[in-house]
Amino acid sequence: MKILTLNCGSSSVKYMLYDWKGQKTLARGIVERVTVGGSFCRHEKPGMEEAIIEHECPDHKEAIRLVIDVLLGKCPGYENCGVISSLDEIDAVGHRVVHGGEKFTKSVVINEEALKTFEELCDLAPLHNPPNVLGIKAAMSLLPNVPHVAVMDTAWHQTMKPPQYIYAVPYEWYEKYGIRRYGFHGTSLLYVAKRAAVLLGKDPLETNLISLHVGNGVSANAVKNGVSFDTSMGFTPLEGLVMGTRAGDHDSAIDHYVMEKEGLSPKEINAILNKKSGILGITGKYVDRRDVLKAMKEGDERAKLAFEIECYRLKKYIGAYYAALGRVDALVWTAGVGEMGAEIRAKAMEGLEELGIKFDPEKNELARSRNAEFDISAPDSKVKIFVIPTDEERVFVEDVVALLEGRYDIHTRFKYTFEEPGYRNRMRDLEFSKELKKRPEMAKALARPFPDELLPEEARPYAWWL
């Protein structure tokens, strides 16, 4: 059984083709600059160097067509990228959908009713649901004879209770319009919660965590007894922490005040809060945290301010969720910045020793990879601190397969293969083996032993388990 996963953003299509029977990734990649010009595909296949394939994609349908052609080996000059000989080899497609509202508590096979619901929710996730829907429609037209499954970011958070998700606004707004906290990044947060339980050696349903998904979008998640208890994103992905272009928490009266002063419409102010605020709003020019850090070192005061604001907000949420949970087994960092941004992690955790959160500065610096799990706790830290690369595509695949086989259920009654202590991602292990040759000392920070047959000689002196 071969499963294609698609994650359609406003200007990108991320994909993976997975062989469930062989338990291996056949190919993965991303089509970038969809709809904006200068489109290209970054394609990875085991045993082959990354291929960059230039091809204009004015819409998502063309981008998905490109993905299919690459997988079939039909792109001129890149025939060696192919991993299947016919579309008949693809048994199902899993799609990321950011907002599923209250209707969906778990992944579903897409039908007309589900698709209509996703379209109705576009206003609540304006950066994500529209391209998600476009991607679904495009894929269903190109692959009409296979099941298509939606995996919702909001589903993980449906375990929250009214005290956590009801806002202090007229209750009729919830009854009439469904205004409440929904939360997002659920697929990522589910994965790292299950993996953290494995690293702790605990039953996931007895585990308390504070998870920080830090990328262009940023959210915090309090996990109590293995389920989502509270989260920072709200009715839309705008609320909460400082993000790449989103404002996060702020006095909502500001919006009305500026609308009057600047003569802005609701649509215009919404666009500013979602696309021109956050790190970009503070610095005036940067979104990528690497650019912010570089500018800081060069003396850019607004870059320094953006860095300090983001880290302070992260620290506040860690403290708030610690109080809400009462007991915390582990603090988990994930997503692009969470996995690679040692400086942001260090600043956000600075001074949390009284809460039992104490990181090892050397291990924190070493933990910069998207292919390995790290333990960056100090030896005397009461709370474990993990850096866990997220793997949303793995969740997509397992949900799709389980749905097709009739054994799928909500995550408290369903066990994923990555919850097994011996689970390993072979493709990530191979990539990390290459990284260890360049930075062998990273082995000191690993959260679990690395396969001996893949461990480079250079890394053996640092391998604490040998």
# chains A, B, ... in the order shown; residues from 1 in each chain; ligands from 1

$ closest_atom_pairs --of "stretch 313-333 of chain A" --to "stretch 367-383 of chain A" --cutoff "8 Å" --atoms "only C-alpha atoms" --output "Markdown table"
| residue | atom | partner | partner_atom | distance |
| --- | --- | --- | --- | --- |
| A:Val328 | CA | A:Val383 | CA | 6.5 |
| A:Asp329 | CA | A:Val383 | CA | 5.5 |
| A:Ala330 | CA | A:Val383 | CA | 5.2 |
| A:Leu331 | CA | A:Val383 | CA | 7.0 |

$ write_last_selection --atoms "C-alpha atoms" --output "PDB file, in the first residue's frame"
ATOM      1  CA  VAL A 328       5.324  18.805  34.062  1.00  0.00           C
ATOM      2  CA  ASP A 329       7.255  15.752  32.885  1.00  0.00           C
ATOM      3  CA  ALA A 330       8.900  17.388  29.883  1.00  0.00           C
ATOM      4  CA  LEU A 331       9.233  20.579  27.879  1.00  0.00           C
TER       5      LEU A 331
END

$ residues_around --residues "stretch 244-256 of chain A" --least-positions-apart "2" --cutoff "7 Å" --atoms "only C-alpha atoms" --output "list in words"
Asn216, Gly217, Leu238, Glu239, Gly240, Leu241, Val242, Val258, Met259, Glu260, Ile269, Leu273, Asn274, Lys275, Lys276, Ser277, Gly278, Ile279, Leu280, Gly281 and Val287 of chain A

$ write_last_selection --atoms "C-alpha atoms" --output "PDB file, in the first residue's frame"
ATOM      1  CA  ASN A 216       6.717  30.729  11.014  1.00  0.00           C
ATOM      2  CA  GLY A 217       3.525  29.936  12.923  1.00  0.00           C
ATOM      3  CA  LEU A 238      -3.720  34.557  14.969  1.00  0.00           C
ATOM      4  CA  GLU A 239      -3.873  34.356  18.773  1.00  0.00           C
ATOM      5  CA  GLY A 240      -1.046  33.518  21.146  1.00  0.00           C
ATOM      6  CA  LEU A 241       2.694  33.702  20.687  1.00  0.00           C
ATOM      7  CA  VAL A 242       4.693  36.080  18.490  1.00  0.00           C
ATOM      8  CA  VAL A 258      -6.014  51.882  14.081  1.00  0.00           C
ATOM      9  CA  MET A 259      -8.927  51.189  11.713  1.00  0.00           C
ATOM     10  CA  GLU A 260     -10.380  54.582  12.631  1.00  0.00           C
ATOM     11  CA  ILE A 269      -6.701  45.175   9.369  1.00  0.00           C
ATOM     12  CA  LEU A 273      -2.441  41.317  11.729  1.00  0.00           C
ATOM     13  CA  ASN A 274      -1.899  38.048   9.835  1.00  0.00           C
ATOM     14  CA  LYS A 275       0.657  39.013   7.199  1.00  0.00           C
ATOM     15  CA  LYS A 276       2.499  42.171   8.301  1.00  0.00           C
ATOM     16  CA  SER A 277       2.849  41.799  12.065  1.00  0.00           C
ATOM     17  CA  GLY A 278       4.870  39.551  14.386  1.00  0.00           C
ATOM     18  CA  ILE A 279       8.613  39.440  13.698  1.00  0.00           C
ATOM     19  CA  LEU A 280       8.073  41.200  10.378  1.00  0.00           C
ATOM     20  CA  GLY A 281       6.049  43.959  12.026  1.00  0.00           C
ATOM     21  CA  VAL A 287      10.566  36.935   9.013  1.00  0.00           C
TER      22      VAL A 287
END

$ residues_around --residues "A:Cys75" --least-positions-apart "6" --cutoff "12 Å" --atoms "only C-alpha atoms" --output "MDAnalysis selection string"
chainID A and resid 41 43 51:55 65:69 81:82

$ write_last_selection --atoms "N, CA and C atoms" --output "JSON list (two decimals), in the first residue's frame"
[["chain", "number", "residue", "atom", "x", "y", "z"],
["A", 41, "CYS", "N", 10.73, 22.60, -7.70],
["A", 41, "CYS", "CA", 10.48, 21.47, -6.82],
["A", 41, "CYS", "C", 11.79, 20.97, -6.24],
["A", 43, "HIS", "N", 13.22, 17.77, -4.59],
["A", 43, "HIS", "CA", 12.80, 16.38, -4.51],
["A", 43, "HIS", "C", 13.90, 15.52, -3.91],
["A", 51, "ALA", "N", 17.23, 16.82, -5.81],
["A", 51, "ALA", "CA", 17.08, 17.37, -7.17],
["A", 51, "ALA", "C", 16.27, 18.65, -7.10],
["A", 52, "ILE", "N", 16.68, 19.66, -7.86],
["A", 52, "ILE", "CA", 15.94, 20.92, -7.97],
["A", 52, "ILE", "C", 15.37, 20.99, -9.39],
["A", 53, "ILE", "N", 14.06, 20.95, -9.50],
["A", 53, "ILE", "CA", 13.39, 20.90, -10.80],
["A", 53, "ILE", "C", 12.60, 22.19, -11.00],
["A", 54, "GLU", "N", 13.01, 23.00, -11.95],
["A", 54, "GLU", "CA", 12.32, 24.26, -12.21],
["A", 54, "GLU", "C", 11.11, 24.02, -13.12],
["A", 55, "HIS", "N", 9.97, 24.54, -12.70],
["A", 55, "HIS", "CA", 8.74, 24.35, -13.48],
["A", 55, "HIS", "C", 7.70, 25.34, -12.97],
["A", 65, "ARG", "N", 0.27, 18.33, -10.22],
["A", 65, "ARG", "CA", 0.59, 17.62, -11.45],
["A", 65, "ARG", "C", 2.11, 17.42, -11.57],
["A", 66, "LEU", "N", 2.86, 18.46, -11.18],
["A", 66, "LEU", "CA", 4.32, 18.36, -11.19],
["A", 66, "LEU", "C", 4.80, 17.28, -10.23],
["A", 67, "VAL", "N", 4.21, 17.25, -9.03],
["A", 67, "VAL", "CA", 4.57, 16.23, -8.05],
["A", 67, "VAL", "C", 4.36, 14.83, -8.63],
["A", 68, "ILE", "N", 3.21, 14.63, -9.27],
["A", 68, "ILE", "CA", 2.90, 13.32, -9.87],
["A", 68, "ILE", "C", 3.90, 12.98, -10.97],
["A", 69, "ASP", "N", 4.22, 13.96, -11.82],
["A", 69, "ASP", "CA", 5.18, 13.71, -12.90],
["A", 69, "ASP", "C", 6.56, 13.35, -12.36],
["A", 81, "CYS", "N", 14.37, 10.48, -10.88],
["A", 81, "CYS", "CA", 13.64, 10.86, -9.66],
["A", 81, "CYS", "C", 12.42, 9.98, -9.43],
["A", 82, "GLY", "N", 11.99, 9.28, -10.47],
["A", 82, "GLY", "CA", 10.77, 8.48, -10.38],
["A", 82, "GLY", "C", 10.87, 7.33, -9.39]]

$ residues_around --residues "A:Val401" --least-positions-apart "2" --cutoff "12 Å" --atoms "only C-alpha atoms" --output "number ranges by chain"
A: 1-5, 18-21, 23, 91-94, 107-109, 147-149, 394-399, 403-409, 416-417

$ write_last_selection --atoms "C-alpha atoms" --output "PDB file, in the first residue's frame"
ATOM      1  CA  MET A   1       0.000   0.000   0.000  1.00  0.00           C
ATOM      2  CA  LYS A   2       1.466   3.337  -1.114  1.00  0.00           C
ATOM      3  CA  ILE A   3       0.188   6.560   0.444  1.00  0.00           C
ATOM      4  CA  LEU A   4       0.732  10.056  -0.969  1.00  0.00           C
ATOM      5  CA  THR A   5       0.581  12.904   1.567  1.00  0.00           C
ATOM      6  CA  TYR A  18       5.280   6.239   1.645  1.00  0.00           C
ATOM      7  CA  ASP A  19       5.326   2.470   1.145  1.00  0.00           C
ATOM      8  CA  TRP A  20       3.345   1.131   4.092  1.00  0.00           C
ATOM      9  CA  LYS A  21       4.076  -2.523   3.403  1.00  0.00           C
ATOM     10  CA  GLN A  23       7.699   0.704   5.958  1.00  0.00           C
ATOM     11  CA  ASP A  91      -3.710   3.673  -2.984  1.00  0.00           C
ATOM     12  CA  ALA A  92      -4.827   6.836  -1.152  1.00  0.00           C
ATOM     13  CA  VAL A  93      -3.998  10.492  -0.527  1.00  0.00           C
ATOM     14  CA  GLY A  94      -3.774  12.181   2.871  1.00  0.00           C
ATOM     15  CA  SER A 107      -9.250  12.317  10.544  1.00  0.00           C
ATOM     16  CA  VAL A 108     -11.984  11.559   7.983  1.00  0.00           C
ATOM     17  CA  VAL A 109     -12.423  10.286   4.440  1.00  0.00           C
ATOM     18  CA  PRO A 147      -9.799   7.665  -1.296  1.00  0.00           C
ATOM     19  CA  HIS A 148      -8.764  11.124  -0.088  1.00  0.00           C
ATOM     20  CA  VAL A 149      -8.414  11.667   3.659  1.00  0.00           C
ATOM     21  CA  ARG A 394       3.889  10.076   9.407  1.00  0.00           C
ATOM     22  CA  VAL A 395       0.631  10.875  11.198  1.00  0.00           C
ATOM     23  CA  PHE A 396      -1.076  11.424   7.829  1.00  0.00           C
ATOM     24  CA  VAL A 397       0.083   8.034   6.586  1.00  0.00           C
ATOM     25  CA  GLU A 398      -0.955   6.098   9.678  1.00  0.00           C
ATOM     26  CA  ASP A 399      -4.381   7.755   9.844  1.00  0.00           C
ATOM     27  CA  LEU A 403      -9.080   4.397   8.024  1.00  0.00           C
ATOM     28  CA  LEU A 404      -8.749   2.192   4.940  1.00  0.00           C
ATOM     29  CA  GLU A 405      -8.320  -0.895   7.125  1.00  0.00           C
ATOM     30  CA  GLY A 406     -11.266   0.007   9.380  1.00  0.00           C
ATOM     31  CA  ARG A 407      -9.280   0.167  12.643  1.00  0.00           C
ATOM     32  CA  TYR A 408      -8.920   3.929  13.122  1.00  0.00           C
ATOM     33  CA  ASP A 409     -10.171   5.787  16.205  1.00  0.00           C
ATOM     34  CA  TYR A 416       0.545   4.652  16.344  1.00  0.00           C
ATOM     35  CA  THR A 417       3.639   2.697  15.332  1.00  0.00           C
TER      36      THR A 417
END

$ atom_distance --atom1 "atom CA of A:Met160" --atom2 "atom CA of A:Thr105"
11.2 Å

$ atom_distance --atom1 "atom CA of A:Ser39" --atom2 "atom CA of A:Arg289"
23.4 Å

$ select_by_dssp --residues "stretch 220-462 of chain A" --states "strand (DSSP E or B)" --output "VMD selection string"
chain A and resid 220 to 224 227 to 231 330 to 334 359 374 to 375 377 384 to 387 446

$ closest_residue --among "A:Asn364, A:Asn132, A:Ser85, A:Thr283" --to "A:Ala306" --atoms "only C-alpha atoms"
A:Thr283

$ closest_atom_pairs --of "stretch 284-358 of chain A" --to "stretch 219-234 of chain A" --cutoff "12 Å" --atoms "only C-alpha atoms" --output "JSON lines"
{"residue": "A:Glu310", "atom": "CA", "partner": "A:Ser219", "partner_atom": "CA", "distance": 11.7}
{"residue": "A:Arg313", "atom": "CA", "partner": "A:Ala220", "partner_atom": "CA", "distance": 10.4}
{"residue": "A:Leu314", "atom": "CA", "partner": "A:Ala220", "partner_atom": "CA", "distance": 8.1}
{"residue": "A:Lys315", "atom": "CA", "partner": "A:Ala220", "partner_atom": "CA", "distance": 10.5}
{"residue": "A:Lys316", "atom": "CA", "partner": "A:Ala220", "partner_atom": "CA", "distance": 10.6}
{"residue": "A:Tyr317", "atom": "CA", "partner": "A:Ala220", "partner_atom": "CA", "distance": 7.1}
{"residue": "A:Ile318", "atom": "CA", "partner": "A:Ala220", "partner_atom": "CA", "distance": 8.0}
{"residue": "A:Gly319", "atom": "CA", "partner": "A:Ala222", "partner_atom": "CA", "distance": 10.8}
{"residue": "A:Ala320", "atom": "CA", "partner": "A:Ala222", "partner_atom": "CA", "distance": 9.4}
{"residue": "A:Tyr321", "atom": "CA", "partner": "A:Ala222", "partner_atom": "CA", "distance": 5.8}
{"residue": "A:Tyr322", "atom": "CA", "partner": "A:Ala222", "partner_atom": "CA", "distance": 8.1}
{"residue": "A:Ala323", "atom": "CA", "partner": "A:Ala222", "partner_atom": "CA", "distance": 10.2}
{"residue": "A:Ala324", "atom": "CA", "partner": "A:Ala222", "partner_atom": "CA", "distance": 8.0}
{"residue": "A:Leu325", "atom": "CA", "partner": "A:Lys224", "partner_atom": "CA", "distance": 6.5}
{"residue": "A:Gly326", "atom": "CA", "partner": "A:Lys224", "partner_atom": "CA", "distance": 9.5}
{"residue": "A:Arg327", "atom": "CA", "partner": "A:Lys224", "partner_atom": "CA", "distance": 8.9}
{"residue": "A:Val328", "atom": "CA", "partner": "A:Lys224", "partner_atom": "CA", "distance": 8.7}
{"residue": "A:Asp329", "atom": "CA", "partner": "A:Lys224", "partner_atom": "CA", "distance": 10.0}
{"residue": "A:Ala330", "atom": "CA", "partner": "A:Val223", "partner_atom": "CA", "distance": 10.0}
{"residue": "A:Leu331", "atom": "CA", "partner": "A:Ala222", "partner_atom": "CA", "distance": 9.7}
{"residue": "A:Val332", "atom": "CA", "partner": "A:Asn221", "partner_atom": "CA", "distance": 9.6}
{"residue": "A:Trp333", "atom": "CA", "partner": "A:Ala220", "partner_atom": "CA", "distance": 9.6}
{"residue": "A:Thr334", "atom": "CA", "partner": "A:Ser219", "partner_atom": "CA", "distance": 10.2}
{"residue": "A:Ala335", "atom": "CA", "partner": "A:Ser219", "partner_atom": "CA", "distance": 10.2}
{"residue": "A:Val337", "atom": "CA", "partner": "A:Ser219", "partner_atom": "CA", "distance": 11.9}
{"residue": "A:Gly338", "atom": "CA", "partner": "A:Ser219", "partner_atom": "CA", "distance": 10.8}

$ closest_residue --among "A:Ala443, A:Leu72, A:Leu209, A:Val98" --to "A:Asp123" --atoms "only C-alpha atoms"
A:Val98
